[in-house]
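Taking it in order: structure first as structure tokens, then the write-up.
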Amino acid sequence: MDETKASGPGASAAAIRAHYDVGNGFYRLWLDETMTYSAAMWRDEQDTGSLADAQRRKIAWHLHHSGADRTDAVLDVGCGWGGMLRAAAATRAEGAPRLAHGVGLTLSDAQADVARGAIAQDMPNFGSPSPRFDIRLESWVDHKPAEPYGAIVSIGAFEHFTKPEDEPAAKIAIYRDFFSRCRDWLRPDGRMTLQTIAYGDPNLDAAAIPFMRDIFPDSDLPRIRDVLTATDGLFEVERTRNDRVDYARTCDIWANNLRTHRAEAVALVGAEQTRRYERYLKFSGWGFWSNHLHLLRFRLKRR
């Protein structure tokens, strides 16, 4: 893939890799043991459980609500380090068939390497016949499945589909293209779940949150109305959640973990890169606590 070329709308492959390929060792310092780089899910605001437990609960929510724990073919758009697909193979609903085929899309070489290695290590635990996994360095724009999926999950990828300079109508068109493709990729009874950061303040835009532009210069956030408009006629929105406090708590824990391991982080990526992430995590947490940013989770049924 040409790293200087955008693979479709939104952030280019080079921009995505500039963030996610900083180094797996760096992320291991402050993420939890599941290597999940998205908002966790606590039972409620009084839940004092660990970040790892909250991440597993989030993964379980997506598996259940997309039907990925009950179907034999799953697509993960923005698969990260492969945690969702591994959980889909290991966690099956009662009476469900084994997962036969799991496909993960990412633009990060570093994430793909870890995902492939972790899946290979887990293979003996999946039983026989083992699932077939494809971790692809591929944009959703270029994806052409050989057969329909029973479920689609997308966590933390939607934020990268448009650019700050895109006009509102252009953003809706890109989002609608994504949902149209997902509808075509699903079986008639298929569902998908989507998790994305979104603007909470109607007057907020990318220029007002420079700490996000510093980390993701080519990416812009949706608003909830954008998602609802883009899915109209393609998916029934069966459930919507705004779990911004979950992301606020997640960012606070990540920031604390990074502080704890700051010397190791500086040794790995340098002082300036470490400061950039410290700022990003601190101000992101503030954005969610202050209601300027939302964390939206959708359950969508193919129409």
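Just remember, in the structure tokens the first chain shown is A, the second B, etc., residues are 1-based per chain, and ligands are 1-based in the order shown.
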
Spatial neighbours of segment 281-293 of chain A, max dist 9 Å, only C-alpha atoms, sep filter under 2 positions, as a PyMOL selection string = chain A and resi 197-202+204+209+211-212+244-252+254-255+276-279+295

Output C-alpha atoms of each residue in that selection to a file, as a compact mmCIF listing (two decimals), in the first residue's frame.
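Saved the output as out_35.txt:
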```txt
# COMPACT_ATOMS: atom_id res chain seq x y z
CA ILE A 197 -16.53 9.27 19.70
CA ALA A 198 -18.82 12.12 18.68
CA TYR A 199 -19.21 15.84 19.23
CA GLY A 200 -21.52 16.50 22.17
CA ASP A 201 -21.59 20.28 21.90
CA PRO A 202 -23.50 21.32 18.74
CA LEU A 204 -17.97 22.30 18.68
CA ILE A 209 -10.27 20.84 20.15
CA PHE A 211 -5.45 18.46 21.36
CA MET A 212 -7.26 16.00 19.08
CA ARG A 244 -19.21 9.40 27.74
CA VAL A 245 -18.43 8.77 31.42
CA ASP A 246 -17.03 5.37 30.48
CA TYR A 247 -14.57 7.05 28.15
CA ALA A 248 -13.74 9.76 30.69
CA ARG A 249 -12.85 7.06 33.22
CA THR A 250 -10.89 5.12 30.61
CA CYS A 251 -8.82 8.18 29.65
CA ASP A 252 -8.11 8.99 33.29
CA TRP A 254 -4.70 5.53 30.76
CA ALA A 255 -3.24 8.91 31.75
CA ARG A 276 1.85 14.68 23.25
CA TYR A 277 0.04 11.62 24.57
CA GLU A 278 -0.10 13.03 28.08
CA ARG A 279 -1.84 16.14 26.74
CA LEU A 295 -19.11 8.11 23.31
```

Where in segment 1-159 of chain A does DSSP assign strand (DSSP E or B), given as a list in words?
-> Ala73, Val74, Leu75, Asp76, Val77, His101, Gly102, Val103, Gly104, Leu105, Thr106, Arg132, Phe133, Asp134, Ile135, Arg136, Leu137, Tyr149, Gly150, Ala151, Ile152, Val153, Ser154 and Ile155 of chain A

Do you know which residues are at most 12 Å from Arg181 of chain A counting only C-alpha atoms, after dropping those on the same chain fewer than 2 positions away, and could you put them as a ChimeraX atom specification?
-> /A:77,140-145,148-149,152,174-179,183-186,192,230-231,234-235,302

Can you list, as a count of residues only, every protein, DNA or RNA residue that comes within 9 Å of Val103 of chain A when you count only C-alpha atoms, leaving out same-chain residues fewer than 3 positions away?
-> 12

Output as number ranges by chain all residues of segment 106-265 of chain A that backbone DSSP marks as helix (DSSP H, G or I).
-> A: 109-126, 140-142, 158-160, 168-185, 206-208, 210-215, 224-231, 244-260, 262-265

Among the residues A:Gln195, A:Gln121, A:Gln111, A:Ser180, the one that comes closest to Lys58 of chain A [using only C-alpha atoms] | A:Gln195

Select, from A:His64, A:Asp243, A:Phe298, A:Arg28, the residue with the minimum atom-to-atom distance to Trp42 of chain A, counting only C-alpha atoms.
->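 Selected residue with least distance to Trp42 of chain A: A:Asp243.
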
For Thr162 of chain A, please output as a list in words all residues within 9 Å (counting only C-alpha atoms; exclusion window: fewer than 6 positions along the same chain).
-> Pro9, Gly10, Ala11, Ala170, Lys171, Ile174, Tyr175, Asp218, Ser219, Asp220, Leu221 and Pro222 of chain A
